[in-house]
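S.K.: Structure: my_file_33.csv, CSV, C-alpha atoms.
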chain,number,residue,atom,x,y,z
A,292,MET,CA,0.0,0.0,0.0
A,293,LYS,CA,2.8,2.3,0.9
A,294,ASN,CA,4.6,1.9,-2.5
A,295,TRP,CA,1.3,2.5,-4.4
A,296,LEU,CA,0.8,5.8,-2.6
A,297,ILE,CA,4.3,6.9,-3.2
A,298,THR,CA,4.0,6.0,-6.9
A,299,LEU,CA,0.8,8.0,-7.1
A,300,VAL,CA,2.3,11.1,-5.5
A,301,VAL,CA,5.4,10.9,-7.7
A,302,GLY,CA,3.3,10.4,-10.8
A,303,LEU,CA,1.1,13.4,-10.0
A,304,CYS,CA,4.1,15.6,-9.2
A,305,THR,CA,5.7,14.5,-12.6
A,306,CYS,CA,2.5,15.4,-14.4
A,307,VAL,CA,2.3,18.8,-12.7
A,308,ALA,CA,6.0,19.6,-13.5
A,309,ALA,CA,5.5,18.5,-17.1
A,310,PHE,CA,2.5,20.7,-17.5
A,311,CYS,CA,4.2,23.7,-15.9
A,312,ALA,CA,7.3,23.3,-18.1
A,313,PHE,CA,5.2,22.9,-21.3
A,314,TYR,CA,3.1,25.9,-20.4
A,315,ALA,CA,6.2,28.1,-19.7
A,316,MET,CA,7.9,27.1,-22.9
A,317,ASN,CA,4.8,27.7,-25.1
A,318,SER,CA,3.4,30.7,-23.4
A,319,GLU,CA,3.7,34.2,-24.8
A,320,PRO,CA,3.2,36.7,-22.0
A,321,ALA,CA,2.5,39.5,-24.5
A,322,LEU,CA,-0.5,37.5,-25.9
A,323,HIS,CA,-1.9,36.9,-22.4
A,324,ARG,CA,-1.5,40.6,-21.5
A,325,ALA,CA,-3.2,41.7,-24.7
A,326,ALA,CA,-6.1,39.4,-24.0
A,327,LEU,CA,-6.5,40.5,-20.4
A,328,GLU,CA,-6.4,44.1,-21.5
A,329,LYS,CA,-8.6,43.5,-24.5
A,330,ASP,CA,-6.1,45.3,-26.6
A,331,ALA,CA,-6.6,44.2,-30.2
A,332,MET,CA,-3.5,46.0,-31.5
A,333,ALA,CA,-1.2,44.5,-28.8
A,334,TRP,CA,-2.7,41.1,-29.7
A,335,LEU,CA,-2.1,41.7,-33.4
A,336,ARG,CA,1.5,42.8,-32.7
A,337,ALA,CA,2.3,39.8,-30.6
A,338,GLU,CA,0.5,37.2,-32.6
A,339,PHE,CA,1.7,38.2,-36.0
A,340,HIS,CA,5.2,39.4,-35.0
A,341,LEU,CA,4.9,43.0,-36.1
A,342,ASP,CA,7.7,45.5,-35.7
A,343,GLU,CA,6.9,49.1,-34.7
A,344,ALA,CA,6.7,50.5,-38.2
A,345,GLN,CA,4.3,47.7,-39.3
A,346,LEU,CA,2.1,48.3,-36.2
A,347,VAL,CA,1.9,52.0,-36.8
A,348,ALA,CA,0.9,51.4,-40.5
A,349,ILE,CA,-1.7,48.9,-39.5
A,350,LYS,CA,-3.1,51.1,-36.7
A,351,LYS,CA,-3.4,54.0,-39.2
A,352,GLN,CA,-5.2,51.7,-41.7
A,353,HIS,CA,-7.4,50.4,-38.9
A,354,ASP,CA,-8.3,53.9,-37.7
A,355,SER,CA,-9.2,55.1,-41.2
A,356,TYR,CA,-11.3,52.0,-41.8
A,357,GLY,CA,-13.1,52.5,-38.5
A,358,VAL,CA,-15.0,55.5,-40.1
A,359,VAL,CA,-16.1,53.4,-43.0
A,360,CYS,CA,-17.1,50.5,-40.7
A,361,GLY,CA,-19.2,52.9,-38.6
A,362,GLN,CA,-21.0,54.1,-41.7
A,363,HIS,CA,-21.9,50.6,-42.7
A,364,CYS,CA,-23.2,49.8,-39.2
A,365,VAL,CA,-25.3,52.9,-39.2
A,366,ALA,CA,-26.8,52.1,-42.6
A,367,ILE,CA,-27.6,48.5,-41.7
A,368,ILE,CA,-29.1,49.4,-38.3
A,369,ALA,CA,-31.2,52.1,-39.9
A,370,ALA,CA,-32.4,49.8,-42.7
A,371,LYS,CA,-33.4,47.1,-40.2
A,372,GLY,CA,-35.0,49.8,-38.0
A,373,ARG,CA,-37.3,50.9,-40.7
A,374,ALA,CA,-38.0,47.4,-41.8
A,375,ALA,CA,-36.4,47.9,-45.2
A,376,PRO,CA,-36.8,45.1,-47.8
A,377,ALA,CA,-34.7,42.1,-47.3
A,378,ALA,CA,-32.9,42.7,-50.6
A,379,GLU,CA,-31.8,46.2,-49.4
A,380,ILE,CA,-30.5,44.9,-46.1
A,381,ALA,CA,-28.7,42.0,-47.9
A,382,ALA,CA,-27.1,44.5,-50.2
A,383,LEU,CA,-25.9,46.7,-47.3
A,384,GLU,CA,-24.5,43.6,-45.5
A,385,LYS,CA,-22.8,42.4,-48.6
A,386,THR,CA,-21.2,45.9,-49.0
A,387,CYS,CA,-20.1,45.7,-45.4
A,388,VAL,CA,-18.5,42.2,-45.8
A,389,GLU,CA,-16.7,43.2,-49.0
A,390,ALA,CA,-15.3,46.3,-47.3
A,391,MET,CA,-14.1,44.3,-44.3
A,392,THR,CA,-12.5,41.7,-46.6
A,393,GLY,CA,-10.7,44.5,-48.5
A,394,HIS,CA,-9.6,46.1,-45.3
A,395,PHE,CA,-8.3,42.8,-43.9
A,396,ARG,CA,-6.4,42.1,-47.2
A,397,GLN,CA,-4.8,45.5,-47.0
A,398,VAL,CA,-3.7,44.9,-43.4
A,399,ALA,CA,-2.3,41.6,-44.5
A,400,THR,CA,0.0,43.3,-47.0
A,401,LEU,CA,1.5,45.4,-44.2
A,402,MET,CA,2.6,42.2,-42.3
A,403,PRO,CA,5.8,40.2,-42.5
A,404,PRO,CA,5.9,37.6,-45.2
A,405,GLY,CA,3.9,34.5,-44.2
A,406,GLU,CA,2.1,36.3,-41.3
A,407,GLY,CA,-0.3,38.0,-43.7
A,408,GLU,CA,-1.6,34.7,-45.0
A,409,ARG,CA,-2.0,33.4,-41.4
A,410,TYR,CA,-3.8,36.6,-40.5
A,411,LEU,CA,-6.3,36.2,-43.4
A,412,ALA,CA,-6.8,32.6,-42.4
A,413,THR,CA,-7.8,33.8,-38.9
A,414,VAL,CA,-10.0,36.7,-39.8
A,415,LEU,CA,-11.7,35.9,-43.1
A,416,PRO,CA,-13.7,32.9,-41.8
A,417,ARG,CA,-15.1,35.2,-39.0
A,418,ILE,CA,-16.8,37.5,-41.6
A,419,LYS,CA,-18.0,35.0,-44.1
A,420,ASP,CA,-21.4,34.5,-42.3
A,421,HIS,CA,-21.2,37.7,-40.2
A,422,GLY,CA,-24.6,38.4,-38.7
A,423,HIS,CA,-24.1,42.2,-38.5
A,424,GLU,CA,-25.1,42.1,-34.8
A,425,GLY,CA,-21.8,43.6,-33.8
A,426,VAL,CA,-18.1,43.6,-34.6
A,427,PRO,CA,-16.7,40.3,-35.7
A,428,ASN,CA,-14.6,38.7,-33.0
A,429,LEU,CA,-11.6,36.4,-32.8
A,430,ARG,CA,-12.9,34.0,-30.1
A,431,ALA,CA,-12.2,30.4,-30.7
A,432,THR,CA,-15.9,29.8,-31.7
A,433,PRO,CA,-17.6,32.3,-34.0
Turn this file's structure into structure tokens for me.

M.R.:
Amino acid sequence: MKNWLITLVVGLCTCVAAFCAFYAMNSEPALHRAALEKDAMAWLRAEFHLDEAQLVAIKKQHDSYGVVCGQHCVAIIAAKGRAAPAAEIAALEKTCVEAMTGHFRQVATLMPPGEGERYLATVLPRIKDHGHEGVPNLRATP
């Protein structure tokens, strides 16, 4: 009985140590900090390995697109509010998705080689069936 208990304790300690080592080796503190602070630009920088110049260029692109995005949101909300025909709402939503897609593609061109493709693979699926109930998110489940 004594050997069984010792074996169990040693096994549990080994599992905990392996988990901690794996977590420490694969953890990026900048990503965790960005997630906790809900800072999309900090997340973008850490996740896609952006230098300062790339981050500044993307931030400028993001800020200018924010105005366009806001206009699309207002138009869609107004159309839904006045019970516009479904075809009109669909056209506004299509315009919104096309604009987001274009924006994301422009952002991807400002990233390091290889990172832009990975960025597009992350964000484009989020807008394919976007319900226009709010800003698309990057959570693990859409």

S.K.: Looking at A:Arg409, A:Lys419, A:His353, A:Arg373, which one is nearest to Gln397 (chain A), with distances taken over only C-alpha atoms?

M.R.: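 Nearest to Gln397 (chain A): A:His353.
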
S.K.: In Å, rounded to a single decimal, give me how far CA of Asp420 (chain A) is from CA of Ala375 (chain A).

M.R.: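 Taking CA of Ala375 (chain A) as the start and CA of Asp420 (chain A) as the end point, the length is 20.3 Å.
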
S.K.: What does the distance from CA of Leu341 (chain A) to CA of Pro403 (chain A) come to in Å, to one decimal?

M.R.: 7.0 Å

S.K.: Given the choices A:Phe339, A:Val365, A:Ile380, A:Val359, which gets closest to Glu408 (chain A) if the distance is worked out from all atoms listed in the file?

M.R.: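 Answer, going by the shortest atom-to-atom distance: A:Phe339.
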
S.K.: Fewer than 5 positions away in the same chain doesn't count, so skip those; otherwise give me all residues within 10 Å of His363 (chain A), counting all atoms listed in the file, as a count of residues only.

M.R.: 11

S.K.: Work out how far CA of Ile367 (chain A) is from CA of Val414 (chain A), in Å to one decimal.

M.R.: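 Between CA of Val414 (chain A) and CA of Ile367 (chain A) the gap works out to 21.3 Å.
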
S.K.: Kindly complete region 337-356 of chain A to N, CA, C and O atoms; the output should be written as a PDB file, keeping the file's coordinate frame.

M.R.:
ATOM      1  N   ALA A 337       1.716  40.962 -31.144  1.00  0.00           N
ATOM      2  CA  ALA A 337       2.300  39.800 -30.600  1.00  0.00           C
ATOM      3  C   ALA A 337       2.077  38.534 -31.439  1.00  0.00           C
ATOM      4  O   ALA A 337       2.987  37.759 -31.722  1.00  0.00           O
ATOM      5  N   GLU A 338       0.845  38.360 -31.865  1.00  0.00           N
ATOM      6  CA  GLU A 338       0.500  37.200 -32.600  1.00  0.00           C
ATOM      7  C   GLU A 338       1.112  37.075 -33.975  1.00  0.00           C
ATOM      8  O   GLU A 338       1.500  36.003 -34.426  1.00  0.00           O
ATOM      9  N   PHE A 339       1.238  38.227 -34.655  1.00  0.00           N
ATOM     10  CA  PHE A 339       1.700  38.200 -36.000  1.00  0.00           C
ATOM     11  C   PHE A 339       3.136  38.832 -36.151  1.00  0.00           C
ATOM     12  O   PHE A 339       3.578  39.172 -37.244  1.00  0.00           O
ATOM     13  N   HIS A 340       3.824  38.958 -35.017  1.00  0.00           N
ATOM     14  CA  HIS A 340       5.200  39.400 -35.000  1.00  0.00           C
ATOM     15  C   HIS A 340       5.500  40.648 -35.748  1.00  0.00           C
ATOM     16  O   HIS A 340       6.370  40.690 -36.633  1.00  0.00           O
ATOM     17  N   LEU A 341       4.759  41.695 -35.411  1.00  0.00           N
ATOM     18  CA  LEU A 341       4.900  43.000 -36.100  1.00  0.00           C
ATOM     19  C   LEU A 341       5.975  43.827 -35.451  1.00  0.00           C
ATOM     20  O   LEU A 341       6.101  43.850 -34.223  1.00  0.00           O
ATOM     21  N   ASP A 342       6.735  44.551 -36.274  1.00  0.00           N
ATOM     22  CA  ASP A 342       7.700  45.500 -35.700  1.00  0.00           C
ATOM     23  C   ASP A 342       6.895  46.840 -35.529  1.00  0.00           C
ATOM     24  O   ASP A 342       5.725  46.958 -35.892  1.00  0.00           O
ATOM     25  N   GLU A 343       7.562  47.817 -34.971  1.00  0.00           N
ATOM     26  CA  GLU A 343       6.900  49.100 -34.700  1.00  0.00           C
ATOM     27  C   GLU A 343       6.340  49.775 -35.896  1.00  0.00           C
ATOM     28  O   GLU A 343       5.215  50.282 -35.890  1.00  0.00           O
ATOM     29  N   ALA A 344       7.102  49.792 -36.978  1.00  0.00           N
ATOM     30  CA  ALA A 344       6.700  50.500 -38.200  1.00  0.00           C
ATOM     31  C   ALA A 344       5.413  49.760 -38.785  1.00  0.00           C
ATOM     32  O   ALA A 344       4.473  50.422 -39.237  1.00  0.00           O
ATOM     33  N   GLN A 345       5.417  48.446 -38.759  1.00  0.00           N
ATOM     34  CA  GLN A 345       4.300  47.700 -39.300  1.00  0.00           C
ATOM     35  C   GLN A 345       3.032  47.966 -38.397  1.00  0.00           C
ATOM     36  O   GLN A 345       1.928  48.173 -38.914  1.00  0.00           O
ATOM     37  N   LEU A 346       3.227  47.990 -37.082  1.00  0.00           N
ATOM     38  CA  LEU A 346       2.100  48.300 -36.200  1.00  0.00           C
ATOM     39  C   LEU A 346       1.529  49.642 -36.409  1.00  0.00           C
ATOM     40  O   LEU A 346       0.308  49.801 -36.467  1.00  0.00           O
ATOM     41  N   VAL A 347       2.385  50.626 -36.581  1.00  0.00           N
ATOM     42  CA  VAL A 347       1.900  52.000 -36.800  1.00  0.00           C
ATOM     43  C   VAL A 347       1.133  52.065 -38.137  1.00  0.00           C
ATOM     44  O   VAL A 347       0.062  52.669 -38.198  1.00  0.00           O
ATOM     45  N   ALA A 348       1.636  51.433 -39.177  1.00  0.00           N
ATOM     46  CA  ALA A 348       0.900  51.400 -40.500  1.00  0.00           C
ATOM     47  C   ALA A 348      -0.412  50.739 -40.380  1.00  0.00           C
ATOM     48  O   ALA A 348      -1.422  51.221 -40.926  1.00  0.00           O
ATOM     49  N   ILE A 349      -0.463  49.623 -39.668  1.00  0.00           N
ATOM     50  CA  ILE A 349      -1.700  48.900 -39.500  1.00  0.00           C
ATOM     51  C   ILE A 349      -2.697  49.683 -38.655  1.00  0.00           C
ATOM     52  O   ILE A 349      -3.890  49.745 -38.950  1.00  0.00           O
ATOM     53  N   LYS A 350      -2.197  50.321 -37.614  1.00  0.00           N
ATOM     54  CA  LYS A 350      -3.100  51.100 -36.700  1.00  0.00           C
ATOM     55  C   LYS A 350      -3.671  52.292 -37.554  1.00  0.00           C
ATOM     56  O   LYS A 350      -4.867  52.587 -37.423  1.00  0.00           O
ATOM     57  N   LYS A 351      -2.870  52.914 -38.403  1.00  0.00           N
ATOM     58  CA  LYS A 351      -3.400  54.000 -39.200  1.00  0.00           C
ATOM     59  C   LYS A 351      -4.468  53.473 -40.188  1.00  0.00           C
ATOM     60  O   LYS A 351      -5.523  54.092 -40.341  1.00  0.00           O
ATOM     61  N   GLN A 352      -4.213  52.314 -40.790  1.00  0.00           N
ATOM     62  CA  GLN A 352      -5.200  51.700 -41.700  1.00  0.00           C
ATOM     63  C   GLN A 352      -6.472  51.348 -40.912  1.00  0.00           C
ATOM     64  O   GLN A 352      -7.578  51.590 -41.377  1.00  0.00           O
ATOM     65  N   HIS A 353      -6.306  50.811 -39.727  1.00  0.00           N
ATOM     66  CA  HIS A 353      -7.400  50.400 -38.900  1.00  0.00           C
ATOM     67  C   HIS A 353      -8.267  51.648 -38.488  1.00  0.00           C
ATOM     68  O   HIS A 353      -9.499  51.608 -38.547  1.00  0.00           O
ATOM     69  N   ASP A 354      -7.597  52.711 -38.100  1.00  0.00           N
ATOM     70  CA  ASP A 354      -8.300  53.900 -37.700  1.00  0.00           C
ATOM     71  C   ASP A 354      -9.111  54.527 -38.841  1.00  0.00           C
ATOM     72  O   ASP A 354     -10.254  54.942 -38.663  1.00  0.00           O
ATOM     73  N   SER A 355      -8.516  54.555 -40.030  1.00  0.00           N
ATOM     74  CA  SER A 355      -9.200  55.100 -41.200  1.00  0.00           C
ATOM     75  C   SER A 355     -10.394  54.228 -41.590  1.00  0.00           C
ATOM     76  O   SER A 355     -11.456  54.704 -41.987  1.00  0.00           O
ATOM     77  N   TYR A 356     -10.217  52.916 -41.458  1.00  0.00           N
ATOM     78  CA  TYR A 356     -11.300  52.000 -41.800  1.00  0.00           C
ATOM     79  C   TYR A 356     -12.435  52.077 -40.781  1.00  0.00           C
ATOM     80  O   TYR A 356     -13.602  51.829 -41.115  1.00  0.00           O
TER      81      TYR A 356
END
